[in-house]
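Visitor: Pasting a structure here, questions to come.
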Protein chains: 2
Amino acid sequence: MDIGILVIGNELTSGMTQDTNSSFIARELHEYGWSVSAVMAVGDDRDAIKGGIDYFLGISDALIITGGLGPTADDMTTAAVAGAFDLDLYTDNAVLKRLKERFDRLDIPWTENNAKQAMFPEGAGIIDNPVGTACGFFLERSGRPVAVIPGVPAEARKLLTGGVIPLFREKLAYREHIAKRTIKIFGLTESGIDETLLHENLNIPGVSVGSYPRFPEIRLVVISRGEDRDSVEENLGAACKRIEEKLHRYIFGYDDDTMEGVVAAFLTDRGLTLSVAESCTGGLITDRLTDVPGSSVFLERGVVTYSNTSKVDLLGVPDSVIKEHGAVSEEAAVLMAEGVKRIAGTDIGLATTGIAGPTGGTEEKPVGTVFIALSTGEGTTCRRFLFRWDRRRIKEISSQIALNMLRRFLAGSNS
Amino acid sequence: MDIGILVIGNELTSGMTQDTNSSFIARELHEYGWSVSAVMAVGDDRDAIKGGIDYFLGISDALIITGGLGPTADDMTTAAVAGAFDLDLYTDNAVLKRLKERFDRLDIPWTENNAKQAMFPEGAGIIDNPVGTACGFFLERSGRPVAVIPGVPAEARKLLTGGVIPLFREKLAYREHIAKRTIKIFGLTESGIDETLLHENLNIPGVSVGSYPRFPEIRLVVISRGEDRDSVEENLGAACKRIEEKLHRYIFGYDDDTMEGVVAAFLTDRGLTLSVAESCTGGLITDRLTDVPGSSVFLERGVVTYSNTSKVDLLGVPDSVIKEHGAVSEEAAVLMAEGVKRIAGTDIGLATTGIAGPTGGTEEKPVGTVFIALSTGEGTTCRRFLFRWDRRRIKEISSQIALNMLRRFLAGSNS
């Protein structure tokens, strides 16, 4: 079963925007056992879109088109698709009404060009967009389904998984059962995972494992396929169990879990409170934690102590310690974690201090030096790191390690 | 002058690897004034490769193929290209000798499959690879140049800029000059921009304008093309000037500027200091500001006051105000901005408080209600918003608006 992916937008053929939709779509299709005949990107141009559709209809069993559904004049996907299929356009009044209501609710003035987003080719089924204004639609051409979804990544993802894939599973001959689990790993390199798992021949029928690095994590996608639903699930469970036995100390979550979500769940479940003192991570740790709904239950405060004065005032780190050891030091990190915990009156204090660069390094403490300290009822631990990435990546990996230290403490494991 | 880009690799059609070569190649070609007819990704499969080549030769004046030049069995680009052009393969002895020398030098044992990398279609010109083992090659088909380069990103880039582009400039009529500017917009919808600019017919020869939303911003890319370098630059300048006249209050930067970078530059230049009190944005404002190298010069502290206690302790917001008006209120926001400014002893204080959801809303203050306050030497202003997005987007748009309020104050404009 070969599916074509056609992505549309001048920003793609000009290289202005990196297309990430097609690789997401390809990955999803792949996981359902479908293969991708080709991926094509064309500009917002009727002839190019028609050419792409014709090409794919010659080599594919189905086609997914994404992009060019916006309200502006350069977006012409709907009209081009209608043209390629010799269909007229019509205005869907229910969609038009919802669009206008949305504009009203958001207090955005309605302009007539927006009505374009309520137009569809005659006979098309509409794929609702719960997260934006551009609905998708689908058609069939000699039994081949063609689905059209918006190009905004969050919307493309939503409409793919919520609309297109269920539709394709219904339309395309689909006998196989499939079960999937993503295991999220932190603290091990890809080749490290490879080495560890190679010695463990999974050898479970219908099960495949792929690793996908997504800085700073690695995702292991375990897929189990077969004709019998029960054994598919059973094989998936067996494969995951084997992987867990090998990699358990590096596994922080599954599927949609995030590091911050896992930490938040632990803190909430145990009724523990947290305060955070950030220097080099600049607020990223609390930013991540507050992405979790309900984080106000455990997060008492965060302080971003960029100045030495603020380290003294907000954390009670004595000026003498900063003078003697420097603001980037194990001594400062420990006192920051203990200070924020004591002053905020929380169960746990977490602190980072480091040199994110690109300047500010010394021979003793080069750019990339980071100290992370965790203070709990059981005492304070501090670790020193040296990272060789750019400023943003140093912030990201530092926040990840800080959250992971906290996660491992909460999981009651120093494994 | 339309150039096709064909990228080859199973890792691309399975979504295992994000293709970044095609967007780099497209950008480079674009900047030389060439346009891209389409970008296609196919797997390591002879038929798919031949299909792609045939398609491109029908719609393009030239073709760049990348990927599948490795020594392993799954790499078959060279053979597939030779097949598509009905050419035999030959071994280039000079390349073979260099390959063997390279293996010797690196002390890697030579295996016979590596000889594959010295094979080329009869009549092909070789494009040397100074950074790897896979040389590229080029052919012509009815006057249309076809260049084949490796897929490893560093090698693809090197052979593109050092080999393919000089070759294409020689082979293809190359008369055009090109100049480009990106204008970054915040606070106006895409259709709003469209409407505003539609009334202003730019009507400048060789100039095109495209709008690319990247939440929460919109980017306008202005491109000027023509035969005379001076008039290309002049037309670009004239176009940008007209756009600025129309949209100036929404323009926060150009090209690689970020909102946080622009704010940081203003603060640094003026020698002003900043402190930030964040509730609903949870540290995102300071996270963004500390992405800018040197932000320690102006950022004294940030506090993430998630608990009412922390608002009292760190900001001096009286408990009575929170009790009477709520932590999410204009009164609280104003006192947070003024409090952080006073206690940190900075020139400026910035504060956010709101309900990011998904729960916690009331009839009077529904989810998405956000107050943003800016306190400066000239007094304190506060604005109230109601956003209808998810938690993350509410944080992002709130941080953007807060930084933009600060930017406009620093730019000395309330326009």
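Ligands are numbered from 1 in the order shown, chains are lettered A, B, ... in the order of the structure tokens, and residues start at 1 in each chain.
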Within 7 Å of chain B, which residues belong to chain A? Use only C-alpha atoms and report them as JSON, numbers by chain.
Guide: {"A": [12, 13, 14, 15, 16, 18, 23, 24, 26, 27, 30, 36, 37, 38, 39, 40, 41, 42, 71, 72, 212, 282, 283, 284, 286, 287, 290, 291, 293, 296, 299, 300, 301, 302, 303, 304, 305, 306, 307, 310, 357, 358, 391, 392]}
Visitor: Write out as a count of residues only which residues come within 12 Å of Leu374 of chain A when counting only C-alpha atoms, dropping same-chain ones fewer than 3 positions away.
Guide: 39
Visitor: For the full set of C-alpha atoms taken in order, report to one decimal the RMSD after fitting chain B onto chain A.
Guide: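 Result: 5.4 Å C-alpha RMSD.
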Visitor: I want to know what sits within 10 Å of Gly237 of chain B, based on only C-alpha atoms, with residues of the same chain fewer than 3 positions away left out; could you give that as a list of chain:residue names?
Guide: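 Returned residues: B:Ala179, B:Lys180, B:Arg181, B:Val222, B:Ser224, B:Ser231, B:Val232, B:Glu233, B:Glu234, B:Cys240, B:Lys241, B:Arg242, B:Ile243.
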Visitor: Could you name the residues that touch Glu155 of chain B at 9 Å or less, counting only C-alpha atoms, but leaving out those on the same chain fewer than 6 positions away, as a VMD selection string?
Guide: chain B and resid 129 to 132 134 149
Visitor: Among segment 228-306 of chain A, which ones does DSSP place in strand (DSSP E), written as a VMD selection string?
Guide: chain A and resid 251 to 254 274 to 278 299 to 304
Visitor: Give me, please, the distance in Å between atom CA of Ser398 of chain A and atom CA of Gly345 of chain B, quoted to one decimal.
Guide: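 Between atom CA of Ser398 of chain A and atom CA of Gly345 of chain B the gap works out to 29.0 Å.
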Visitor: Quick check, in Å to one decimal: how far apart do atom CA of Leu87 of chain B and atom CA of Lys50 of chain B lie?
Guide: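 Taking atom CA of Leu87 of chain B and atom CA of Lys50 of chain B, their separation equals 13.0 Å.
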Visitor: Any chance you could list, as number ranges by chain, the residues in segment 124-245 of chain A that come up helix (DSSP H, G or I) when DSSP is run on the backbone?
Guide: A: 153-171, 190-198, 229-245
Visitor: Excluding Thr258 of chain B and residues on its chain fewer than 2 positions from it, collect all residues at most 12 Å away from it, counting only C-alpha atoms, and give them as a ChimeraX atom specification.
Guide: /B:182-186,216-219,251-256,260-265,288-289,291-292,400,403-404,407
Visitor: Near segment 121-125 of chain A, counting only C-alpha atoms, which residues have an atom at most 10 Å away, once you skip same-chain residues fewer than 2 positions from it, shown as a VMD selection string?
Guide: chain A and resid 78 to 83 85 to 92 119 127 to 128 136 to 140 146 to 147
